[in-house]
Every structure is written in C-alpha cells, then in structure tokens.
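File shown: protein_26.txt. Contents: compact mmCIF, C-alpha atoms.
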```txt
# COMPACT_ATOMS: atom_id res chain seq x y z
CA MET A 1 77.30 113.45 148.07
CA LEU A 2 77.00 110.01 146.53
CA ILE A 3 79.62 107.46 147.52
CA PHE A 4 80.56 105.75 144.27
CA PRO A 5 80.72 102.00 144.88
CA SER A 6 82.60 100.95 141.78
CA VAL A 7 86.09 99.60 141.21
CA THR A 8 87.34 102.89 139.84
CA TYR A 9 85.40 106.02 139.11
CA ALA A 10 85.77 109.24 137.28
CA GLN A 11 85.02 112.52 138.97
CA HIS A 12 84.24 115.56 136.86
CA TYR A 13 85.49 119.09 137.49
CA TYR A 14 84.20 122.14 135.67
CA GLY A 15 85.02 125.69 134.84
CA LYS A 16 82.30 126.61 132.41
CA GLY A 17 79.44 128.91 131.61
CA GLU A 18 75.92 128.37 130.36
CA ILE A 19 72.97 130.20 128.89
CA TYR A 20 69.49 128.77 129.35
CA TRP A 21 65.84 129.72 129.25
CA ASN A 22 62.83 129.24 131.51
CA SER A 23 60.24 130.59 129.07
CA THR A 24 60.50 128.66 125.82
CA LYS A 25 62.94 129.97 123.25
CA HIS A 26 63.51 128.31 119.90
CA TRP A 27 67.24 127.66 120.09
CA SER A 28 68.51 125.51 117.25
CA GLY A 29 72.24 126.03 117.34
CA GLY A 30 75.30 127.26 119.18
CA ALA A 31 78.76 128.38 118.16
CA ALA A 32 82.06 129.37 119.75
CA ILE A 33 85.66 130.08 118.81
CA PHE A 34 88.55 129.08 121.04
CA PRO A 35 92.25 128.26 120.70
CA ASN A 36 93.89 125.00 121.72
CA PRO A 37 95.20 125.44 125.29
CA ASN A 38 98.57 127.19 125.29
CA PRO A 39 100.57 126.03 127.19
CA ASP A 40 98.85 122.71 126.68
CA TYR A 41 96.98 120.90 129.47
CA TYR A 42 98.97 118.46 131.56
CA VAL A 43 96.77 115.41 132.17
CA GLN A 44 97.78 113.04 134.96
CA PRO A 45 98.95 109.78 133.35
CA SER A 46 96.31 107.36 134.56
CA ILE A 47 93.55 105.42 132.82
CA GLY A 48 90.48 107.49 132.16
CA TYR A 49 91.98 110.87 132.94
CA ALA A 50 91.31 113.57 130.39
CA ALA A 51 90.58 117.25 130.06
CA ASN A 52 88.57 118.94 127.39
CA HIS A 53 87.36 122.35 126.30
CA THR A 54 83.97 121.96 124.74
CA LEU A 55 80.83 123.51 123.34
CA TRP A 56 77.69 121.64 124.43
CA VAL A 57 74.32 122.24 122.76
CA PHE A 58 71.42 120.35 124.30
CA THR A 59 68.46 118.91 122.41
CA ASN A 60 64.83 117.91 122.91
CA ASN A 61 64.16 120.77 125.38
CA SER A 62 65.89 118.69 128.03
CA ASP A 63 69.13 118.24 129.92
CA GLN A 64 69.35 114.53 129.05
CA SER A 65 70.53 114.70 125.44
CA TRP A 66 73.00 116.87 123.60
CA ASN A 67 75.64 117.36 120.90
CA GLU A 68 79.18 118.40 121.80
CA VAL A 69 82.35 119.42 120.01
CA GLY A 70 85.75 120.63 121.11
CA TYR A 71 89.36 119.98 122.02
CA SER A 72 90.42 117.04 124.16
CA LYS A 73 93.54 115.62 125.74
CA GLY A 74 93.39 112.03 126.98
CA ARG A 75 91.71 109.30 124.95
CA ASN A 76 91.35 105.60 124.37
CA LEU A 77 93.74 104.52 121.65
CA ASN A 78 93.51 100.90 120.43
CA GLY A 79 92.59 99.70 123.90
CA HIS A 80 95.24 101.80 125.66
CA TRP A 81 94.32 105.00 127.47
CA ASP A 82 96.73 107.70 126.33
CA THR A 83 96.75 110.92 128.36
CA THR A 84 99.10 112.67 125.95
CA LEU A 85 96.88 112.28 122.90
CA ARG A 86 95.51 115.63 121.69
CA THR A 87 92.45 115.56 119.44
CA LEU A 88 89.56 117.54 118.18
CA TYR A 89 86.43 115.53 118.87
CA TYR A 90 82.66 115.51 118.68
CA ALA A 91 79.96 113.47 120.36
CA PHE A 92 76.22 112.87 120.64
CA ARG A 93 74.07 111.83 123.53
CA LEU A 94 70.74 110.74 122.05
CA PRO A 95 67.42 110.88 123.92
CA ASN A 96 67.27 107.05 123.94
CA GLY A 97 70.46 106.94 126.02
CA GLN A 98 73.09 106.16 123.38
CA TYR A 99 76.37 108.07 123.66
CA TYR A 100 78.88 108.15 120.79
CA GLU A 101 82.16 110.02 120.69
CA TYR A 102 84.41 110.35 117.65
CA ARG A 103 87.88 111.63 117.01
CA SER A 104 87.80 114.31 114.32
CA SER A 105 89.99 113.76 111.29
CA ASN A 106 90.68 117.52 111.25
CA PRO A 107 94.28 118.26 112.29
CA VAL A 108 94.36 119.49 115.88
CA GLY A 109 97.24 121.92 115.28
CA ASN A 110 99.74 123.33 117.74
CA PRO A 111 98.91 124.79 121.14
CA GLY A 112 97.35 128.15 120.48
CA THR A 113 95.86 127.19 117.11
CA THR A 114 92.34 128.57 116.98
CA HIS A 115 89.33 126.58 115.78
CA SER A 116 85.70 127.50 115.31
CA TYR A 117 83.00 125.14 116.54
CA LYS A 118 79.37 125.11 115.49
CA ILE A 119 76.34 122.89 116.12
CA SER A 120 73.22 123.67 114.16
CA PHE A 121 69.87 122.14 113.26
CA GLY A 122 68.25 121.63 109.87
CA ALA A 123 65.61 119.27 108.45
CA GLY A 124 65.39 117.13 111.58
CA ILE A 125 69.15 116.76 111.97
CA TRP A 126 71.75 118.33 114.27
CA PHE A 127 74.99 119.01 112.36
CA ILE A 128 78.41 119.42 113.99
CA TYR A 129 81.15 121.52 112.38
CA ILE A 130 84.77 122.29 113.15
CA ASP A 131 86.22 125.17 111.15
CA ASN A 132 83.08 124.98 109.00
CA ILE A 133 83.87 121.37 108.00
CA LEU A 134 81.05 118.95 108.69
CA GLN A 135 82.08 116.29 111.21
CA GLY A 136 78.92 114.29 111.75
CA PHE A 137 75.24 114.56 112.53
CA SER A 138 72.51 113.04 114.63
CA ALA A 139 68.73 112.87 114.39
CA GLN A 140 67.42 114.47 117.57
CA PRO A 141 64.43 116.66 118.36
CA LEU A 142 64.46 120.43 118.82
CA TYR A 143 65.13 122.64 120.83
CA ALA A 144 68.20 123.48 122.89
CA LYS A 145 67.29 124.61 126.39
CA TYR A 146 70.91 124.90 127.52
CA ILE A 147 74.15 125.83 125.76
CA GLN A 148 77.45 125.54 127.60
CA VAL A 149 81.07 126.32 126.89
CA GLY A 150 84.22 125.74 128.90
CA LEU A 151 86.49 123.35 130.69
CA GLU A 152 85.81 119.84 131.91
CA SER A 153 88.46 117.75 133.65
CA LEU A 154 88.36 114.20 134.96
CA TYR A 155 91.00 114.70 137.66
CA TYR A 156 91.19 117.60 140.08
CA ALA A 157 94.91 118.21 139.54
CA ASN A 158 95.03 118.18 135.76
CA SER A 159 96.89 121.31 134.84
CA CYS A 160 94.50 123.26 132.64
CA ARG A 161 95.81 126.59 131.48
CA THR A 162 93.49 129.39 130.53
CA VAL A 163 91.43 129.05 127.39
CA TYR A 164 89.73 132.09 125.96
CA SER A 165 86.42 131.60 124.19
CA SER A 166 84.96 134.22 121.92
CA GLY A 167 82.28 134.66 119.31
CA LEU A 168 79.65 132.93 121.44
CA GLN A 169 76.54 132.62 119.27
CA VAL A 170 73.09 131.10 119.58
CA ASN A 171 70.66 130.42 116.75
CA GLU A 172 67.27 131.69 117.88
CA ASP A 173 64.28 131.49 115.55
CA GLY A 174 66.66 130.78 112.68
CA VAL A 175 68.85 133.83 113.29
CA TRP A 176 72.40 133.74 114.67
CA LYS A 177 72.95 136.23 117.48
CA GLY A 178 75.10 136.77 120.57
CA TRP A 179 74.44 135.09 123.91
CA SER A 180 73.64 138.42 125.59
CA GLY A 181 70.14 139.00 126.88
CA ASN A 182 69.74 135.43 128.11
CA LEU A 183 69.77 133.87 131.54
CA SER A 184 73.19 132.54 132.44
CA ARG A 185 75.12 130.80 135.16
CA ILE A 186 78.58 129.43 135.72
CA TYR A 187 79.88 126.12 137.06
CA GLN A 188 83.11 126.16 139.06
CA SER A 189 84.50 123.14 140.86
CA SER A 190 87.03 123.82 143.59
CA GLY A 191 90.21 125.15 141.98
CA TYR A 192 88.51 125.64 138.62
CA HIS A 193 87.46 129.02 137.30
CA PHE A 194 85.18 130.46 134.67
CA SER A 195 84.52 134.11 134.02
CA TRP A 196 82.84 136.14 131.36
CA VAL A 197 85.30 138.58 129.81
CA THR A 198 82.72 140.45 127.84
CA PRO A 199 79.39 139.46 129.40
CA LEU A 200 78.03 136.47 127.46
CA SER A 201 80.23 137.23 124.45
CA SER A 202 83.65 136.00 125.47
CA SER A 203 84.98 134.10 128.45
CA ASN A 204 87.95 132.35 129.94
CA ASP A 205 88.45 129.35 132.16
CA TRP A 206 91.32 127.58 133.87
CA ASN A 207 92.44 125.41 136.76
CA ASP A 208 94.91 126.66 139.38
CA TYR A 209 97.12 123.57 139.21
CA MET B 210 71.41 89.98 177.35
CA ARG B 211 68.95 91.81 175.10
CA LEU B 212 71.58 94.50 174.44
CA LYS B 213 74.17 91.84 173.58
CA TRP B 214 71.86 90.21 171.02
CA GLY B 215 70.98 93.63 169.66
CA ILE B 216 74.65 94.43 169.05
CA ILE B 217 75.23 91.03 167.40
CA ILE B 218 72.25 91.52 165.07
CA LEU B 219 73.40 95.06 164.22
CA LEU B 220 76.90 93.77 163.42
CA LEU B 221 75.47 91.05 161.19
CA ILE B 222 73.39 93.61 159.30
CA LEU B 223 76.38 95.93 158.86
CA LEU B 224 78.67 93.08 157.76
CA GLY B 225 76.05 92.00 155.27
CA LEU B 226 75.98 95.48 153.73
CA VAL B 227 79.72 95.58 153.08
CA PRO B 228 79.81 93.19 150.12
CA ILE B 229 76.72 94.85 148.63
CA LEU B 230 78.31 98.31 148.78
CA ASN B 231 81.59 96.98 147.42
CA SER B 232 79.95 95.13 144.58
CA GLY B 233 78.54 98.20 142.89
CA ILE B 234 75.00 96.82 142.91
CA SER B 235 73.50 99.20 145.44
CA ILE B 236 71.28 100.47 142.64
CA ALA B 237 69.12 97.77 141.14
CA ALA B 238 69.88 97.05 137.49
CA GLN B 239 66.84 97.60 135.28
CA ALA B 240 65.64 95.35 132.49
CA TYR B 241 67.09 96.28 129.15
CA GLU B 242 66.38 95.68 125.48
CA ILE B 243 68.27 93.21 123.32
CA ARG B 244 68.46 94.14 119.63
CA ASP B 245 69.19 90.96 117.73
CA LEU B 246 70.64 91.92 114.34
CA SER B 247 72.27 88.53 113.77
CA GLY B 248 69.85 87.84 110.91
CA ILE B 249 71.46 90.62 108.87
CA LYS B 250 74.33 89.56 106.65
CA ILE B 251 77.11 92.08 106.01
CA PRO B 252 79.17 91.65 102.80
CA ASP B 253 82.53 90.00 103.31
CA TYR B 254 85.13 92.79 103.05
CA SER B 255 88.04 90.73 104.34
CA SER B 256 91.41 91.14 102.63
CA PRO B 257 95.02 90.28 103.55
CA ASP B 258 95.99 93.85 104.43
CA LEU B 259 93.58 94.36 107.33
CA PHE B 260 94.75 95.35 110.77
CA PRO B 261 94.81 92.40 113.23
CA ILE B 262 92.23 93.58 115.76
CA GLY B 263 92.48 90.71 118.26
CA GLN B 264 95.07 92.35 120.52
CA ALA B 265 93.08 95.59 120.72
CA ILE B 266 89.97 93.65 121.80
CA GLU B 267 91.94 91.91 124.56
CA GLU B 268 93.24 95.28 125.75
CA ILE B 269 89.74 96.75 125.76
CA ILE B 270 88.49 93.91 127.94
CA ALA B 271 91.45 94.25 130.32
CA GLN B 272 90.88 97.99 130.68
CA THR B 273 87.13 97.55 131.13
CA LYS B 274 87.77 95.12 133.99
CA GLU B 275 89.73 97.87 135.72
CA GLU B 276 87.01 100.45 135.18
CA THR B 277 83.78 98.65 136.02
CA ALA B 278 82.30 96.71 138.90
CA ASP B 279 80.54 94.49 136.37
CA THR B 280 82.46 91.84 134.42
CA PRO B 281 82.80 92.50 130.67
CA ARG B 282 81.56 89.63 128.53
CA ASN B 283 80.53 88.51 125.07
CA PRO B 284 82.95 90.50 122.88
CA GLN B 285 81.74 90.75 119.28
CA CYS B 286 83.48 92.14 116.23
CA VAL B 287 82.29 92.73 112.70
CA LEU B 288 84.05 94.21 109.69
CA MET B 289 81.89 96.66 107.80
CA LYS B 290 81.74 100.04 106.14
CA TRP B 291 80.50 103.10 108.00
CA SER B 292 77.59 103.11 105.58
CA ASP B 293 76.64 99.58 106.72
CA TYR B 294 76.79 100.66 110.33
CA ILE B 295 74.48 103.61 109.76
CA ARG B 296 72.14 101.59 107.56
CA TYR B 297 71.79 98.48 109.69
CA ILE B 298 72.75 99.42 113.24
CA ASP B 299 72.21 103.07 113.95
CA PRO B 300 70.30 105.22 111.45
CA LYS B 301 70.08 108.08 113.96
CA ILE B 302 73.67 109.15 113.38
CA GLY B 303 75.47 110.22 110.25
CA LEU B 304 78.90 111.03 108.87
CA PRO B 305 80.10 113.08 105.90
CA GLU B 306 79.70 111.25 102.60
CA GLN B 307 83.44 110.90 101.97
CA GLN B 308 83.77 108.76 105.12
CA LEU B 309 80.96 106.33 104.37
CA ASP B 310 83.13 103.90 102.36
CA ARG B 311 85.71 103.63 105.11
CA LEU B 312 86.16 100.06 106.34
CA ILE B 313 85.83 99.77 110.09
CA TYR B 314 85.78 97.20 112.81
CA ALA B 315 82.81 97.62 115.13
CA VAL B 316 83.61 95.92 118.44
CA THR B 317 81.10 95.49 121.25
CA VAL B 318 81.53 94.33 124.82
CA ASP B 319 78.56 93.73 127.11
CA VAL B 320 79.10 95.41 130.46
CA ILE B 321 77.06 97.49 132.87
CA ARG B 322 78.66 100.90 133.25
CA ARG B 323 77.43 103.33 135.84
CA PRO B 324 77.89 107.00 134.90
CA TRP B 325 81.07 107.30 136.98
CA GLU B 326 82.62 104.25 135.32
CA GLY B 327 82.65 105.55 131.76
CA HIS B 328 84.16 108.30 129.67
CA VAL B 329 81.11 110.37 128.84
CA ARG B 330 82.01 114.06 128.89
CA PHE B 331 79.10 115.13 130.99
CA PRO B 332 77.60 118.59 130.92
CA ALA B 333 77.82 120.00 134.45
CA ILE B 334 74.05 120.17 134.80
CA VAL B 335 73.85 116.37 134.46
CA TRP B 336 76.88 115.53 136.58
CA GLU B 337 75.48 117.59 139.47
CA LYS B 338 72.42 115.31 139.57
CA ILE B 339 74.58 112.18 139.44
CA GLU B 340 76.78 113.49 142.27
CA LYS B 341 73.71 114.13 144.38
CA GLY B 342 72.63 110.51 143.89
CA ASP B 343 69.56 111.16 141.74
CA ILE B 344 68.57 107.54 141.07
CA GLU B 345 66.54 108.33 137.95
CA THR B 346 69.47 110.18 136.35
CA ILE B 347 71.96 107.48 137.36
CA GLU B 348 69.78 104.79 135.81
CA HIS B 349 69.22 106.92 132.70
CA PHE B 350 72.98 107.25 132.24
CA THR B 351 73.80 103.60 132.95
CA SER B 352 74.79 101.71 129.83
CA ARG B 353 74.68 97.99 129.02
CA GLN B 354 77.10 97.69 126.13
CA ASP B 355 80.30 99.41 125.00
CA ILE B 356 80.99 99.87 121.33
CA TYR B 357 84.33 100.77 119.75
CA PHE B 358 85.20 101.73 116.19
CA PHE B 359 88.57 101.10 114.56
CA ASP B 360 89.87 101.83 111.09
CA ALA B 361 90.17 98.33 109.63
CA LYS B 362 93.27 99.17 107.59
CA THR B 363 95.35 101.01 110.20
CA GLY B 364 93.81 100.03 113.52
CA GLU B 365 93.34 103.70 114.41
CA ALA B 366 90.71 104.18 117.12
CA LEU B 367 87.96 106.28 115.54
CA GLY B 368 85.50 106.47 118.38
CA PHE B 369 83.55 104.72 121.04
CA GLY B 370 80.10 104.66 122.51
CA TYR B 371 77.82 103.32 125.17
CA ASN B 372 74.46 101.69 124.49
CA PRO B 373 71.61 101.45 126.99
CA PHE B 374 70.65 98.21 125.21
CA VAL B 375 72.59 95.20 123.94
CA ILE B 376 73.09 94.76 120.21
CA ILE B 377 73.79 91.34 118.77
CA LEU B 378 75.82 92.34 115.75
CA PRO B 379 75.07 91.30 112.17
CA LYS B 380 77.02 88.39 110.74
CA GLN B 381 79.64 88.45 108.00
```
Step by step, read the file and then write its structure as structure tokens.
Amino acid sequence: MLIFPSVTYAQHYYGKGEIYWNSTKHWSGGAAIFPNPNPDYYVQPSIGYAANHTLWVFTNNSDQSWNEVGYSKGRNLNGHWDTTLRTLYYAFRLPNGQYYEYRSSNPVGNPGTTHSYKISFGAGIWFIYIDNILQGFSAQPLYAKYIQVGLESLYYANSCRTVYSSGLQVNEDGVWKGWSGNLSRIYQSSGYHFSWVTPLSSSNDWNDY
Amino acid sequence: MRLKWGIIILLLILLGLVPILNSGISIAAQAYEIRDLSGIKIPDYSSPDLFPIGQAIEEIIAQTKEETADTPRNPQCVLMKWSDYIRYIDPKIGLPEQQLDRLIYAVTVDVIRRPWEGHVRFPAIVWEKIEKGDIETIEHFTSRQDIYFFDAKTGEALGFGYNPFVIILPKQ
C-alpha cells in the first residue's frame, strides 16, 4: 500500500463490474441504463468528497485512456466544493494525459429518474450520449479493451444506496449486443458491493453505510 | 563508541527523510511541455453584463492550496467562445454545435497534482495500480496545470480538467 505524502488525498472505493478481453475484440462502444440513486447518496460534507455511478469505456486498447458518463453527487461549483450538488456528467481521459470533466446541461431529475448512457465510436471520434442526446466527443484511437459500470466513491462512509443497472451493451464489430459471453470481473472495496443480477446483463451495487 | 555514532548517523538519516516524505516530492517530478499560445489573439468579447470571475479564481486557488502539496501559481484567465477553445487550444475534444457560441471563461492554474490530489474519477483498474505505488502509472496520472470552465454570463461552473503540460493562454 502506498503512503500518500500529500496535504490531503482522495481515496477511491468501488462497487463495480467490468468486461474485458485478452484476445483482441473490436469493441467500439458501451451502453447502460440506470436510475438516479433512490434514496439519494449522502456524501460527507468535505472538500473533494463525491460519489458517482458511471459507465466507463476505455480507448486505445489500453487502461490509460477512456470516456465516461453518469450520475454524480459532489462537485466543484465556482471554486466551492459542494457535496449536495447532483449532476449528470461526462468526461474524457485522453492518451496524452489530459483529463476533462463536464457537467451535462441535461436535467438530472429526481431520485429514481432513469437515464440511458451510451459511448460510441465513429469516424475517428468517441461520442458520449445521455438519453440519446449528444453531450460531447473526443478524438481517441480504437478499441475499448475494458468496459465498466458501477459505483465509485471518494470517502468510505458515503452512504450509497443500491443502483440497478440494466441494458448493458457492447458494440462489437459494429453490432450492439449484450455483455454476455465475455470475460468479466468485479471490484469491491471493503463495505462496497457489486453483483450481477442477470449475468452480464443487469447488476446492482451499493455501500453498507 | 562505534554503536553510538551509528545510532546518531541513523537518526540523522531518518530525520532528513521526514521533510522529504512530508513535502510530497518522494517521486521525482518529470520534465514537462510548455505550450505557448500567447501569440494567438482571441476576439474581444467583453461586455458590461459578464460575470465577475475574480472571486471564483481566488476561491479556486485557496481550495487548490488545501488539496495539493505543490503551491498553485500563475493563474490565467481568458474570455472566449467554446469554439475558440476547441479551435485554438484543444482540437481533440468537441461539443454539440448549439454550445459552440457559448461565452466562457477558461481559467488555468499551474500546479503539480498527484493522482490522489485531484478529482479524476478513476476506473478501478487504474486506481489499483496507483494504490500499489506503480511509479509509471503515478507519473502518467500526474498533472501540471488545472483548467476550469465557467459560463461567462452566469458564472456557472461548466467543467474542469487537468493537463500534463502547461498552456500559456492566448491573449485577448
């Protein structure tokens, strides 16, 4: 375990699942449907604390760059960190090391409101959609080697109620299909849980707090 | 006598390590690129109804001081349209056409952020490597400059980012 030597640091806690390949597959997109947490997450009121439920689709056949889209609670607002701010968001991590995260202008809706999330590739560009509305795009190389969905929290005791994901899709060779038939694994930090409800088709995740 | 000197030397070594570990510089900072865009001139979009961004910049610097071992410096701010940003600063990203005319403030602050000092929402596969102290991954995810985007009319925070290089912003 690394001892972080900084002034303050963020730890990351996960309850999420992943599909991946070892023999090359031509993955050029991922999709999921999930509701806003209901009851909503409770995020500890301190700078930098947040919790999010996200779809990650990697790029460039690597684990160093990706596109992401999802629901988030806890965000920088005009210089202040606000742990009550609920947003839909999307982000890119480019192969050259740049990371950009944007607040979606789509209305987040009440707890329990369901949104669809999709990341797909076309003509050299990765496009990010929420409810089929284009949010943004980034120029990154193909292909996705990993696709993940689930919960990420920046404090162990953030109260993250169960979120149910469904409609998990991957675009392989230009065709959208279910996640089944692929290698998979789950990530569970202490106190955090992820389970497949229908193997590789739907899932849920939560934190005990 | 030899044992006594040995203990003294050991104590000196250990005491010398304390400030290094506390300073956050246990991993050597690598050289980084500077992208000087100061020769580019952005049209002057200023108008009386713009949001006063000065306070938000001060708050960003204050928060960054709390989050990082490094000292934030050289804040820059430029008023532009999203389309200017994509054209002149970062052509690798894009936004829907209806947003391109939106006036924004792009604010940068130069600061070294280690992966655990920022707000990247890491995929678990990456964070596991950082937790294990994988130097290559830590260096790869260390940034040199923060960038923030605000709606220039309302002051709404639109997004933020981390650059592995330092951009000198275009001039107005």
TODO: Counting only C-alpha atoms, collect the residues of chain B whose closest atom lies at most 8 Å from chain A, and write them out as number ranges by chain.
DONE: B: 230-235, 265-269, 272, 275-278, 301-305, 325-336, 339-342, 349-350, 352, 359, 364-373
How would the residues just chosen look if you wrote them out with C-alpha atoms as a PDB file, in the coordinates of the input?
```pdb
ATOM      1  CA  LEU B 230      78.310  98.310 148.780  1.00  0.00           C
ATOM      2  CA  ASN B 231      81.590  96.980 147.420  1.00  0.00           C
ATOM      3  CA  SER B 232      79.950  95.130 144.580  1.00  0.00           C
ATOM      4  CA  GLY B 233      78.540  98.200 142.890  1.00  0.00           C
ATOM      5  CA  ILE B 234      75.000  96.820 142.910  1.00  0.00           C
ATOM      6  CA  SER B 235      73.500  99.200 145.440  1.00  0.00           C
ATOM      7  CA  ALA B 265      93.080  95.590 120.720  1.00  0.00           C
ATOM      8  CA  ILE B 266      89.970  93.650 121.800  1.00  0.00           C
ATOM      9  CA  GLU B 267      91.940  91.910 124.560  1.00  0.00           C
ATOM     10  CA  GLU B 268      93.240  95.280 125.750  1.00  0.00           C
ATOM     11  CA  ILE B 269      89.740  96.750 125.760  1.00  0.00           C
ATOM     12  CA  GLN B 272      90.880  97.990 130.680  1.00  0.00           C
ATOM     13  CA  GLU B 275      89.730  97.870 135.720  1.00  0.00           C
ATOM     14  CA  GLU B 276      87.010 100.450 135.180  1.00  0.00           C
ATOM     15  CA  THR B 277      83.780  98.650 136.020  1.00  0.00           C
ATOM     16  CA  ALA B 278      82.300  96.710 138.900  1.00  0.00           C
ATOM     17  CA  LYS B 301      70.080 108.080 113.960  1.00  0.00           C
ATOM     18  CA  ILE B 302      73.670 109.150 113.380  1.00  0.00           C
ATOM     19  CA  GLY B 303      75.470 110.220 110.250  1.00  0.00           C
ATOM     20  CA  LEU B 304      78.900 111.030 108.870  1.00  0.00           C
ATOM     21  CA  PRO B 305      80.100 113.080 105.900  1.00  0.00           C
ATOM     22  CA  TRP B 325      81.070 107.300 136.980  1.00  0.00           C
ATOM     23  CA  GLU B 326      82.620 104.250 135.320  1.00  0.00           C
ATOM     24  CA  GLY B 327      82.650 105.550 131.760  1.00  0.00           C
ATOM     25  CA  HIS B 328      84.160 108.300 129.670  1.00  0.00           C
ATOM     26  CA  VAL B 329      81.110 110.370 128.840  1.00  0.00           C
ATOM     27  CA  ARG B 330      82.010 114.060 128.890  1.00  0.00           C
ATOM     28  CA  PHE B 331      79.100 115.130 130.990  1.00  0.00           C
ATOM     29  CA  PRO B 332      77.600 118.590 130.920  1.00  0.00           C
ATOM     30  CA  ALA B 333      77.820 120.000 134.450  1.00  0.00           C
ATOM     31  CA  ILE B 334      74.050 120.170 134.800  1.00  0.00           C
ATOM     32  CA  VAL B 335      73.850 116.370 134.460  1.00  0.00           C
ATOM     33  CA  TRP B 336      76.880 115.530 136.580  1.00  0.00           C
ATOM     34  CA  ILE B 339      74.580 112.180 139.440  1.00  0.00           C
ATOM     35  CA  GLU B 340      76.780 113.490 142.270  1.00  0.00           C
ATOM     36  CA  LYS B 341      73.710 114.130 144.380  1.00  0.00           C
ATOM     37  CA  GLY B 342      72.630 110.510 143.890  1.00  0.00           C
ATOM     38  CA  HIS B 349      69.220 106.920 132.700  1.00  0.00           C
ATOM     39  CA  PHE B 350      72.980 107.250 132.240  1.00  0.00           C
ATOM     40  CA  SER B 352      74.790 101.710 129.830  1.00  0.00           C
ATOM     41  CA  PHE B 359      88.570 101.100 114.560  1.00  0.00           C
ATOM     42  CA  GLY B 364      93.810 100.030 113.520  1.00  0.00           C
ATOM     43  CA  GLU B 365      93.340 103.700 114.410  1.00  0.00           C
ATOM     44  CA  ALA B 366      90.710 104.180 117.120  1.00  0.00           C
ATOM     45  CA  LEU B 367      87.960 106.280 115.540  1.00  0.00           C
ATOM     46  CA  GLY B 368      85.500 106.470 118.380  1.00  0.00           C
ATOM     47  CA  PHE B 369      83.550 104.720 121.040  1.00  0.00           C
ATOM     48  CA  GLY B 370      80.100 104.660 122.510  1.00  0.00           C
ATOM     49  CA  TYR B 371      77.820 103.320 125.170  1.00  0.00           C
ATOM     50  CA  ASN B 372      74.460 101.690 124.490  1.00  0.00           C
ATOM     51  CA  PRO B 373      71.610 101.450 126.990  1.00  0.00           C
TER      52      PRO B 373
END
```
- [ ] Report the distance between atom CA of A:His115 and atom CA of A:Tyr20 in Å, rounded to one decimal place.
- [x] 24.1 Å
TODO: Please measure the separation of atom CA of A:Asn110 and atom CA of B:Tyr357, giving the value in Å to one decimal.
DONE: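 One can read the atom CA of A:Asn110 to atom CA of B:Tyr357 distance as 27.4 Å.
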- [ ] Give me the residues within 12 Å of A:Tyr209 as a list of chain:residue names, counting only C-alpha atoms and dropping any in the same chain fewer than 4 places off.
- [x]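 Contacts, in chain order: A:Tyr41, A:Tyr42, A:Val43, A:Gln44, A:Ser153, A:Tyr155, A:Tyr156, A:Ala157, A:Asn158, A:Ser159, A:Cys160, A:Arg161, A:Thr162, A:Ser190, A:Gly191, A:Tyr192, A:His193.
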Mind writing the picked residues with C-alpha atoms as a short mmCIF file (atom, residue, chain, number, x, y, z; two decimals), in the frame of the given file?
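Wrote result_32.cif, looks like this:
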```cif
data_model
loop_
_atom_site.label_atom_id
_atom_site.label_comp_id
_atom_site.auth_asym_id
_atom_site.auth_seq_id
_atom_site.Cartn_x
_atom_site.Cartn_y
_atom_site.Cartn_z
CA TYR A 41 96.98 120.90 129.47
CA TYR A 42 98.97 118.46 131.56
CA VAL A 43 96.77 115.41 132.17
CA GLN A 44 97.78 113.04 134.96
CA SER A 153 88.46 117.75 133.65
CA TYR A 155 91.00 114.70 137.66
CA TYR A 156 91.19 117.60 140.08
CA ALA A 157 94.91 118.21 139.54
CA ASN A 158 95.03 118.18 135.76
CA SER A 159 96.89 121.31 134.84
CA CYS A 160 94.50 123.26 132.64
CA ARG A 161 95.81 126.59 131.48
CA THR A 162 93.49 129.39 130.53
CA SER A 190 87.03 123.82 143.59
CA GLY A 191 90.21 125.15 141.98
CA TYR A 192 88.51 125.64 138.62
CA HIS A 193 87.46 129.02 137.30
#
```
Task: Interatomic distance, atom CA of B:Ile295 to atom CA of A:Leu142 (Å, one decimal) - done: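 Going from atom CA of B:Ile295 over to atom CA of A:Leu142, I get 21.6 Å.
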Task: Nearest residue to B:Val287 from the set B:Asp258, B:Glu348, B:Glu306, B:Asp253 (distances using all atoms listed in the file) - done: B:Asp253
List the spatial neighbours of B:Asn283 as a PDB file with C-alpha atoms, in the coordinates of the input - criterion: any atom at most 12 Å away, all atoms listed in the file, same-chain residues fewer than 4 positions off excluded.
```pdb
ATOM      1  CA  ILE B 266      89.970  93.650 121.800  1.00  0.00           C
ATOM      2  CA  GLU B 267      91.940  91.910 124.560  1.00  0.00           C
ATOM      3  CA  ILE B 270      88.490  93.910 127.940  1.00  0.00           C
ATOM      4  CA  VAL B 316      83.610  95.920 118.440  1.00  0.00           C
ATOM      5  CA  THR B 317      81.100  95.490 121.250  1.00  0.00           C
ATOM      6  CA  VAL B 318      81.530  94.330 124.820  1.00  0.00           C
ATOM      7  CA  ASP B 319      78.560  93.730 127.110  1.00  0.00           C
ATOM      8  CA  VAL B 320      79.100  95.410 130.460  1.00  0.00           C
ATOM      9  CA  ARG B 353      74.680  97.990 129.020  1.00  0.00           C
ATOM     10  CA  GLN B 354      77.100  97.690 126.130  1.00  0.00           C
ATOM     11  CA  ASP B 355      80.300  99.410 125.000  1.00  0.00           C
ATOM     12  CA  ILE B 356      80.990  99.870 121.330  1.00  0.00           C
ATOM     13  CA  VAL B 375      72.590  95.200 123.940  1.00  0.00           C
ATOM     14  CA  ILE B 376      73.090  94.760 120.210  1.00  0.00           C
ATOM     15  CA  ILE B 377      73.790  91.340 118.770  1.00  0.00           C
ATOM     16  CA  LEU B 378      75.820  92.340 115.750  1.00  0.00           C
TER      17      LEU B 378
END
```
- [ ] Could you give me, as a PyMOL selection string, the residues within 8 Å of A:Ala32, counting only C-alpha atoms and dropping anything in the same chain fewer than 4 positions from it?
- [x] chain A and resi 55+116-118+149+165-169
Task: Selection: 12 Å around B:Ser255, only C-alpha atoms, excl. self and same-chain fewer than 2 positions, as number ranges by chain - done: B: 251-253, 257-261, 287-290, 312-314, 361-362, 381
Limited to C-alpha atoms, could you put the picked residues into a file as a PDB file, in the frame of the given file?
```pdb
ATOM      1  CA  ILE B 251      77.110  92.080 106.010  1.00  0.00           C
ATOM      2  CA  PRO B 252      79.170  91.650 102.800  1.00  0.00           C
ATOM      3  CA  ASP B 253      82.530  90.000 103.310  1.00  0.00           C
ATOM      4  CA  PRO B 257      95.020  90.280 103.550  1.00  0.00           C
ATOM      5  CA  ASP B 258      95.990  93.850 104.430  1.00  0.00           C
ATOM      6  CA  LEU B 259      93.580  94.360 107.330  1.00  0.00           C
ATOM      7  CA  PHE B 260      94.750  95.350 110.770  1.00  0.00           C
ATOM      8  CA  PRO B 261      94.810  92.400 113.230  1.00  0.00           C
ATOM      9  CA  VAL B 287      82.290  92.730 112.700  1.00  0.00           C
ATOM     10  CA  LEU B 288      84.050  94.210 109.690  1.00  0.00           C
ATOM     11  CA  MET B 289      81.890  96.660 107.800  1.00  0.00           C
ATOM     12  CA  LYS B 290      81.740 100.040 106.140  1.00  0.00           C
ATOM     13  CA  LEU B 312      86.160 100.060 106.340  1.00  0.00           C
ATOM     14  CA  ILE B 313      85.830  99.770 110.090  1.00  0.00           C
ATOM     15  CA  TYR B 314      85.780  97.200 112.810  1.00  0.00           C
ATOM     16  CA  ALA B 361      90.170  98.330 109.630  1.00  0.00           C
ATOM     17  CA  LYS B 362      93.270  99.170 107.590  1.00  0.00           C
ATOM     18  CA  GLN B 381      79.640  88.450 108.000  1.00  0.00           C
TER      19      GLN B 381
END
```
